[in-house]
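As stored in upload.txt (compact mmCIF, C-alpha atoms):
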```
# COMPACT_ATOMS: atom_id res chain seq x y z
CA MET G 1 0.00 0.00 0.00
CA THR G 2 1.37 3.40 -0.95
CA SER G 3 1.84 5.82 1.97
CA ILE G 4 0.48 9.34 1.78
CA ASP G 5 2.49 12.37 2.88
CA PRO G 6 0.62 14.02 5.80
CA SER G 7 1.59 17.44 4.48
CA LEU G 8 -0.60 16.86 1.43
CA SER G 9 -3.75 16.36 3.47
CA GLY G 10 -6.22 19.13 4.27
CA HIS G 11 -6.17 21.36 7.32
CA SER G 12 -6.75 19.79 10.70
CA GLU G 13 -6.22 21.06 14.20
CA THR G 14 -4.58 17.76 15.09
CA SER G 15 -2.07 17.83 12.26
CA PRO G 16 0.72 19.47 14.33
CA LEU G 17 0.65 16.63 16.83
CA GLU G 18 0.58 14.01 14.13
CA GLY G 19 3.44 15.46 12.11
CA ALA G 20 5.69 16.60 14.97
CA PRO G 21 7.21 13.28 16.12
CA ALA G 22 8.80 12.68 12.72
CA ARG G 23 10.54 16.06 12.91
CA THR G 24 11.51 16.36 16.57
CA GLY G 25 13.44 13.22 17.34
CA ALA G 26 14.80 12.14 20.69
CA GLY G 27 17.57 13.69 22.79
CA ILE G 28 18.41 17.36 23.30
CA TRP G 29 16.23 19.77 21.39
CA VAL G 30 18.81 22.29 20.17
CA PHE G 31 16.30 24.70 18.65
CA GLY G 32 14.42 24.74 21.97
CA LEU G 33 17.59 25.88 23.73
CA ALA G 34 17.90 28.67 21.18
CA ALA G 35 14.27 29.67 21.79
CA ALA G 36 14.93 29.66 25.55
CA ALA G 37 17.97 31.88 25.01
CA SER G 38 15.82 34.34 23.07
CA TRP G 39 13.42 34.67 25.99
CA VAL G 40 16.31 35.09 28.42
CA GLY G 41 17.44 37.90 26.14
CA VAL G 42 14.00 39.50 26.41
CA ALA G 43 14.19 39.36 30.20
CA ALA G 44 17.66 40.93 30.15
CA LEU G 45 16.47 43.64 27.77
CA ILE G 46 13.58 44.54 30.07
CA GLU G 47 15.72 44.62 33.23
CA LEU G 48 18.98 46.14 32.03
CA TRP G 49 17.91 48.78 29.47
CA PRO G 50 16.54 51.86 31.25
CA GLU G 51 13.07 53.04 30.22
CA ILE G 52 12.34 56.52 28.93
CA ILE G 53 9.17 56.64 31.05
CA PRO G 54 9.01 54.33 34.09
CA GLN G 55 6.73 51.41 33.26
CA PRO G 56 4.80 49.30 35.80
CA TYR G 57 5.21 45.55 36.06
CA GLY G 58 8.49 45.48 34.21
CA ARG G 59 9.97 42.98 36.64
CA GLU G 60 6.88 40.77 36.39
CA LEU G 61 7.21 40.75 32.61
CA ALA G 62 10.86 39.76 32.92
CA ILE G 63 9.89 36.93 35.31
CA ILE G 64 7.27 35.69 32.83
CA SER G 65 9.93 35.67 30.10
CA LEU G 66 12.25 33.63 32.32
CA VAL G 67 9.45 31.17 33.13
CA ILE G 68 8.86 30.64 29.41
CA ALA G 69 12.60 30.13 28.92
CA LEU G 70 12.70 27.62 31.78
CA GLY G 71 9.80 25.66 30.29
CA LEU G 72 11.56 25.50 26.92
CA ILE G 73 14.77 24.31 28.60
CA VAL G 74 12.88 21.53 30.40
CA VAL G 75 11.25 20.36 27.16
CA ALA G 76 14.56 20.61 25.32
CA ALA G 77 16.34 18.47 27.90
CA THR G 78 13.66 15.84 28.56
CA GLY G 79 12.59 15.01 24.99
CA ARG G 80 9.01 13.75 24.85
CA LEU G 81 8.79 12.93 28.55
CA PHE G 82 5.72 15.17 28.92
CA GLY G 83 3.85 13.53 26.04
CA ALA G 84 1.63 15.58 23.77
CA ALA G 85 2.51 18.85 25.53
CA ALA G 86 6.19 18.37 24.72
CA ILE G 87 5.44 17.38 21.12
CA THR G 88 3.27 20.46 20.64
CA THR G 89 5.91 22.70 22.22
CA ARG G 90 8.58 21.34 19.89
CA TYR G 91 6.34 21.76 16.87
CA TYR G 92 5.77 25.44 17.69
CA GLY G 93 9.42 26.10 18.51
CA PRO G 94 9.90 28.66 15.70
CA TRP G 95 6.87 30.54 16.99
CA PHE G 96 8.47 30.87 20.43
CA VAL G 97 11.48 32.52 18.79
CA ALA G 98 9.25 34.76 16.68
CA ALA G 99 7.22 35.77 19.76
CA ALA G 100 10.39 36.66 21.65
CA ILE G 101 11.56 38.83 18.75
CA VAL G 102 8.18 40.58 18.60
CA VAL G 103 8.06 41.23 22.35
CA GLY G 104 11.66 42.45 22.39
CA GLY G 105 11.13 44.74 19.39
CA TRP G 106 7.85 46.00 20.86
CA GLU G 107 9.64 46.79 24.12
CA ILE G 108 12.41 48.69 22.33
CA VAL G 109 10.18 50.92 20.17
CA THR G 110 7.84 51.83 23.05
CA ALA G 111 9.30 51.74 26.57
CA LYS G 112 13.01 51.95 25.74
CA THR G 113 13.28 54.45 22.87
CA GLY G 114 9.84 56.00 22.48
CA VAL G 115 9.84 55.66 18.70
CA LEU G 116 6.15 54.81 19.06
CA PRO G 117 4.89 57.39 21.57
CA VAL G 118 3.19 56.32 24.77
CA PRO G 119 0.23 56.17 25.55
CA PHE G 120 -0.99 55.88 21.95
CA PHE G 121 1.22 52.83 21.54
CA SER G 122 1.30 50.90 24.78
CA SER G 123 4.30 48.94 25.97
CA PRO G 124 4.10 45.26 26.93
CA GLN G 125 4.25 46.26 30.60
CA SER G 126 1.18 48.48 30.16
CA ILE G 127 -0.79 45.59 28.69
CA LEU G 128 0.30 43.42 31.59
CA GLU G 129 -0.83 46.15 33.99
CA VAL G 130 -4.35 45.96 32.56
CA PHE G 131 -4.54 42.22 33.14
CA PHE G 132 -3.27 42.60 36.72
CA ASP G 133 -5.18 45.73 37.80
CA ASP G 134 -8.35 45.66 35.69
CA TRP G 135 -8.93 41.92 35.47
CA GLY G 136 -12.32 42.21 37.22
CA ARG G 137 -13.93 44.55 34.69
CA LEU G 138 -12.25 42.77 31.77
CA GLY G 139 -13.31 39.35 33.04
CA ILE G 140 -16.93 40.40 33.43
CA SER G 141 -16.86 41.84 29.91
CA VAL G 142 -15.57 38.53 28.55
CA TRP G 143 -18.30 36.63 30.41
CA TYR G 144 -21.10 38.84 29.05
CA SER G 145 -19.68 38.61 25.53
CA VAL G 146 -19.54 34.81 25.73
CA LEU G 147 -23.15 34.65 26.93
CA LEU G 148 -24.39 37.02 24.24
CA LEU G 149 -22.44 35.24 21.50
CA ALA G 150 -23.64 31.82 22.68
CA LYS G 151 -27.30 32.87 22.54
CA GLY G 152 -27.11 34.52 19.13
CA TYR G 153 -24.90 31.84 17.61
CA PHE G 154 -27.10 29.00 18.86
CA PHE G 155 -30.36 30.51 17.57
CA GLY G 156 -28.77 31.55 14.27
CA ALA G 157 -27.13 28.17 13.68
CA ALA G 158 -30.33 26.30 14.54
CA ALA G 159 -32.47 28.50 12.29
CA GLY G 160 -29.94 28.31 9.45
CA PHE G 161 -29.65 24.54 9.73
CA VAL G 162 -33.42 23.97 9.64
CA THR G 163 -33.87 26.42 6.78
CA GLY G 164 -31.00 24.92 4.80
CA VAL G 165 -32.31 21.37 5.20
CA THR G 166 -35.81 22.50 4.22
CA ILE G 167 -34.89 24.32 1.02
CA GLY G 168 -32.32 21.66 0.11
CA TRP G 169 -34.92 18.92 0.38
CA SER G 170 -38.12 20.62 -0.79
CA ARG G 171 -38.41 22.19 -4.21
CA ALA G 172 -41.44 24.21 -3.10
CA ALA G 173 -39.53 25.66 -0.14
CA SER G 174 -36.57 26.41 -2.39
CA TYR G 175 -38.86 28.22 -4.83
CA TRP G 176 -40.17 30.60 -2.16
CA VAL G 177 -37.18 30.99 0.16
CA HIS G 178 -34.34 31.16 -2.35
CA PRO G 179 -35.30 34.61 -3.74
CA LEU G 180 -35.54 35.97 -0.18
CA LEU G 181 -32.08 34.67 0.62
CA ARG G 182 -30.67 36.29 -2.50
CA LEU G 183 -32.32 39.58 -1.56
CA ILE G 184 -31.73 39.76 2.20
CA GLY G 185 -28.78 37.45 2.78
CA PRO G 186 -25.97 39.57 1.30
CA LEU G 187 -26.94 42.57 3.44
CA PRO G 188 -24.63 42.97 6.46
CA ALA G 189 -26.34 42.24 9.75
CA THR G 190 -25.22 45.62 11.11
CA ALA G 191 -27.41 47.31 8.48
CA TRP G 192 -30.42 46.13 10.50
CA LEU G 193 -29.29 47.90 13.67
CA PRO G 194 -31.88 50.73 13.67
CA LEU G 195 -34.75 48.37 12.92
CA ALA G 196 -33.58 45.80 15.47
CA PHE G 197 -33.30 48.31 18.29
CA PHE G 198 -36.76 49.66 17.39
CA ILE G 199 -38.52 46.28 17.25
CA PHE G 200 -36.95 44.49 20.21
CA PRO G 201 -37.70 45.67 23.75
CA THR G 202 -34.12 45.59 25.03
CA SER G 203 -30.69 46.16 23.56
CA GLY G 204 -29.70 42.65 24.66
CA SER G 205 -32.46 40.95 22.69
CA ALA G 206 -31.71 43.15 19.67
CA SER G 207 -28.04 42.15 19.87
CA VAL G 208 -28.98 38.46 20.04
CA PHE G 209 -31.13 38.91 16.92
CA LEU G 210 -28.30 40.59 14.99
CA ILE G 211 -25.79 37.89 15.92
CA ALA G 212 -28.31 35.18 14.99
CA LEU G 213 -28.96 36.89 11.66
CA ALA G 214 -25.23 37.04 10.88
CA THR G 215 -24.88 33.34 11.71
CA ALA G 216 -28.01 32.11 9.95
CA PHE G 217 -27.18 33.20 6.40
CA PRO G 218 -23.89 31.29 5.86
CA MET G 219 -25.31 28.37 7.82
CA THR G 220 -28.37 28.24 5.55
CA ILE G 221 -26.39 28.50 2.33
CA LEU G 222 -23.83 25.82 3.23
CA THR G 223 -26.43 23.41 4.66
CA TRP G 224 -28.58 23.85 1.58
CA SER G 225 -25.55 23.20 -0.63
CA GLY G 226 -24.69 20.07 1.34
CA ILE G 227 -28.21 18.64 1.14
CA ALA G 228 -28.50 19.43 -2.56
CA SER G 229 -25.17 17.81 -3.41
CA VAL G 230 -25.87 14.43 -1.80
CA ASN G 231 -25.45 11.61 -4.28
CA ARG G 232 -28.90 10.56 -5.52
CA ASP G 233 -27.81 6.94 -5.56
CA TYR G 234 -27.87 6.98 -1.76
CA TYR G 235 -31.57 7.83 -1.83
CA ASP G 236 -32.35 5.19 -4.44
CA ILE G 237 -30.60 2.47 -2.44
CA ALA G 238 -32.37 3.51 0.75
CA ARG G 239 -35.76 3.56 -0.98
CA THR G 240 -35.26 0.06 -2.33
CA LEU G 241 -34.78 -1.04 1.29
CA GLY G 242 -38.07 0.57 2.29
CA ALA G 243 -36.81 3.85 3.73
CA LYS G 244 -39.40 6.55 4.42
CA PRO G 245 -38.83 10.29 3.70
CA SER G 246 -38.05 10.97 7.36
CA PHE G 247 -35.33 8.31 7.28
CA LEU G 248 -33.91 9.73 4.05
CA ILE G 249 -33.63 13.19 5.63
CA LEU G 250 -32.31 12.19 9.07
CA LYS G 251 -30.16 9.19 8.19
CA VAL G 252 -29.01 9.91 4.63
CA ALA G 253 -29.17 13.59 3.67
CA ILE G 254 -28.07 15.24 6.92
CA PRO G 255 -25.11 12.92 7.70
CA ALA G 256 -23.84 13.25 4.13
CA ALA G 257 -24.16 17.06 4.32
CA LEU G 258 -22.37 17.45 7.69
CA PRO G 259 -19.02 18.57 6.17
CA HIS G 260 -20.84 21.48 4.51
CA VAL G 261 -22.72 22.17 7.73
CA PHE G 262 -19.49 22.58 9.67
CA VAL G 263 -18.11 24.94 7.04
CA GLY G 264 -21.25 27.02 7.60
CA LEU G 265 -20.66 26.91 11.36
CA PHE G 266 -17.11 28.19 10.91
CA MET G 267 -18.22 31.00 8.61
CA GLY G 268 -21.10 31.89 10.92
CA LEU G 269 -18.76 32.08 13.91
CA GLY G 270 -16.56 34.63 12.16
CA THR G 271 -19.41 36.86 11.06
CA SER G 272 -21.22 36.61 14.39
CA PHE G 273 -18.09 37.63 16.28
CA ALA G 274 -17.77 40.79 14.16
CA VAL G 275 -21.42 41.67 14.76
CA LEU G 276 -21.02 40.97 18.49
CA VAL G 277 -18.49 43.77 18.89
CA VAL G 278 -20.60 46.29 16.96
CA ALA G 279 -23.78 45.36 18.83
CA GLU G 280 -22.09 45.75 22.21
CA MET G 281 -20.79 49.15 21.25
CA LEU G 282 -24.29 50.45 20.57
CA GLY G 283 -26.47 49.40 23.43
CA VAL G 284 -25.42 46.81 25.99
CA LYS G 285 -23.93 47.74 29.35
CA ALA G 286 -21.21 45.09 29.45
CA GLY G 287 -19.08 43.06 27.07
CA LEU G 288 -15.85 43.40 25.15
CA GLY G 289 -17.39 45.82 22.64
CA TRP G 290 -18.58 47.99 25.51
CA TYR G 291 -15.14 47.72 27.12
CA LEU G 292 -13.49 48.90 23.89
CA GLN G 293 -15.80 51.89 23.69
CA TRP G 294 -15.19 52.73 27.34
CA ALA G 295 -11.41 52.52 26.88
CA GLN G 296 -11.52 54.76 23.82
CA GLY G 297 -13.67 57.30 25.65
CA TRP G 298 -11.15 57.58 28.48
CA ALA G 299 -8.11 57.41 26.15
CA ALA G 300 -7.07 54.23 27.99
CA TYR G 301 -5.21 52.81 25.02
CA ALA G 302 -3.54 50.04 27.00
CA ASN G 303 -6.98 48.78 28.03
CA MET G 304 -8.10 48.92 24.41
CA TYR G 305 -5.13 46.87 23.21
CA ALA G 306 -5.63 44.37 26.04
CA ALA G 307 -9.28 43.95 25.05
CA LEU G 308 -8.29 43.40 21.41
CA LEU G 309 -5.81 40.74 22.51
CA VAL G 310 -8.47 39.02 24.61
CA MET G 311 -10.88 39.11 21.67
CA ALA G 312 -8.31 37.51 19.38
CA LEU G 313 -7.61 34.75 21.92
CA MET G 314 -11.33 34.24 22.51
CA CYS G 315 -12.11 33.87 18.81
CA SER G 316 -9.15 31.54 18.29
CA SER G 317 -10.23 29.38 21.24
CA LEU G 318 -13.79 29.11 19.95
CA ILE G 319 -12.54 28.07 16.52
CA THR G 320 -10.31 25.43 18.12
CA ILE G 321 -13.24 24.08 20.12
CA LEU G 322 -15.35 23.92 16.97
CA PHE G 323 -12.55 22.01 15.21
CA ARG G 324 -12.56 19.46 18.06
CA VAL G 325 -16.33 19.07 17.84
CA ARG G 326 -16.10 18.62 14.08
CA ASP G 327 -13.34 16.00 14.35
CA TRP G 328 -15.34 14.07 16.95
CA THR G 329 -18.63 14.31 15.05
CA LEU G 330 -17.13 13.33 11.70
CA SER G 331 -14.73 10.70 12.98
CA TRP G 332 -16.65 8.13 10.92
CA GLN G 333 -15.74 10.09 7.76
CA LYS G 334 -12.01 10.22 8.51
CA GLY G 335 -10.05 9.55 5.36
CA LEU G 336 -13.02 10.33 3.12
CA VAL G 337 -13.33 14.11 3.61
CA ARG G 338 -10.51 16.60 3.23
CA TRP G 339 -10.42 19.80 5.26
```

Using the file provided, produce a representation of the structure as structure tokens.
Amino acid sequence: MTSIDPSLSGHSETSPLEGAPARTGAGIWVFGLAAAASWVGVAALIELWPEIIPQPYGRELAIISLVIALGLIVVAATGRLFGAAAITTRYYGPWFVAAAIVVGGWEIVTAKTGVLPVPFFSSPQSILEVFFDDWGRLGISVWYSVLLLAKGYFFGAAAGFVTGVTIGWSRAASYWVHPLLRLIGPLPATAWLPLAFFIFPTSGSASVFLIALATAFPMTILTWSGIASVNRDYYDIARTLGAKPSFLILKVAIPAALPHVFVGLFMGLGTSFAVLVVAEMLGVKAGLGWYLQWAQGWAAYANMYAALLVMALMCSSLITILFRVRDWTLSWQKGLVRW
């Protein structure tokens, strides 16, 4: 049997772990020692180069850099003793070096030389100060954003899935709904802001509607495409075995369309996250969008950058979780579907 190069397969969140052992090898990880040295250099830069304007939490940032360096040294010296964590760390070794270069360069152009003037361009210490001193307000904002996004995303995904299955299966439904999708679907969800805030009794419910609307359109289109592209031979075989229409929909059409459904979920997550920020800026009393607006109003640029960083990590984490759910749900299709 001919082997297949893993690098030629489609994207998968588990691919780093699968491909790393072949590249890392046993014994001392030399590149890891170099990455550790780069973080030691960052710590030395922070401690030994005087700052133009005294920055808070400089020592704490240096300690964090040394902790990262120590972790890299441990992984470099122990091989794969720590299992998947060590394999993942080795795989992302170049990123540790790149991150150290970015943090060091960021430190130089802000706190050390002032090429990028403070406070418009915050130093790494200023971002760390926000996480230490304003973690309560920032944490509550993250919690409210997660709740709001979960509500809107769930309702939008459910509505889009049902609509997509309906118009993909029924010609009559496709006849009536398809023109509406072509007319309303391409409009950005934020264009409905005035109408949503007028119709719904609270800004929270209006925000949920806007997020659901942003999620529903890509979910509907991709689900519909998946249902419509199912091989007709599957239906014919099932009918010859006495399958009823309900069985054809639930056991044939929907499972075969699941890869398209998950693509719709990924697209819906991206659009809903963008609408979440806009909706929170215009009505709700908590959330990351509200936090961004508050920080801009008080010229607290470090808080604004910290919120943007949290939003990026939050979106990345949600995408990773969705990848895990997809891999678990479609484990029976492994080897048949490329991502």

Residues within 12 Å of Phe121 (chain G), please, as a PyMOL selection string. Count all atoms listed in the file; anything in the same chain fewer than 3 positions from it doesn't count.
chain G and resi 106-111+114-118+124-127+299-306

Leaving out Ala150 (chain G) and any residue of its chain fewer than 6 positions from it, which residues lie within 10 Å of it when counting all atoms listed in the file, given as a PyMOL selection string?
chain G and resi 144+156+208+211-212+272

G:Leu61, G:Leu222, G:Ala256, G:Ile167: which is nearest Phe132 (chain G), counting all atoms listed in the file?
G:Leu61

Enter the distance from CA of Gly168 (chain G) to CA of Ala257 (chain G), in Å, rounded to one decimal.
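Going from CA of Gly168 (chain G) over to CA of Ala257 (chain G) covers 10.3 Å.
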
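Nearest to Met314 (chain G) of all the residues G:Ser141, G:Gln293, G:Thr190, G:Ser225 is G:Ser141, counting all atoms listed in the file.
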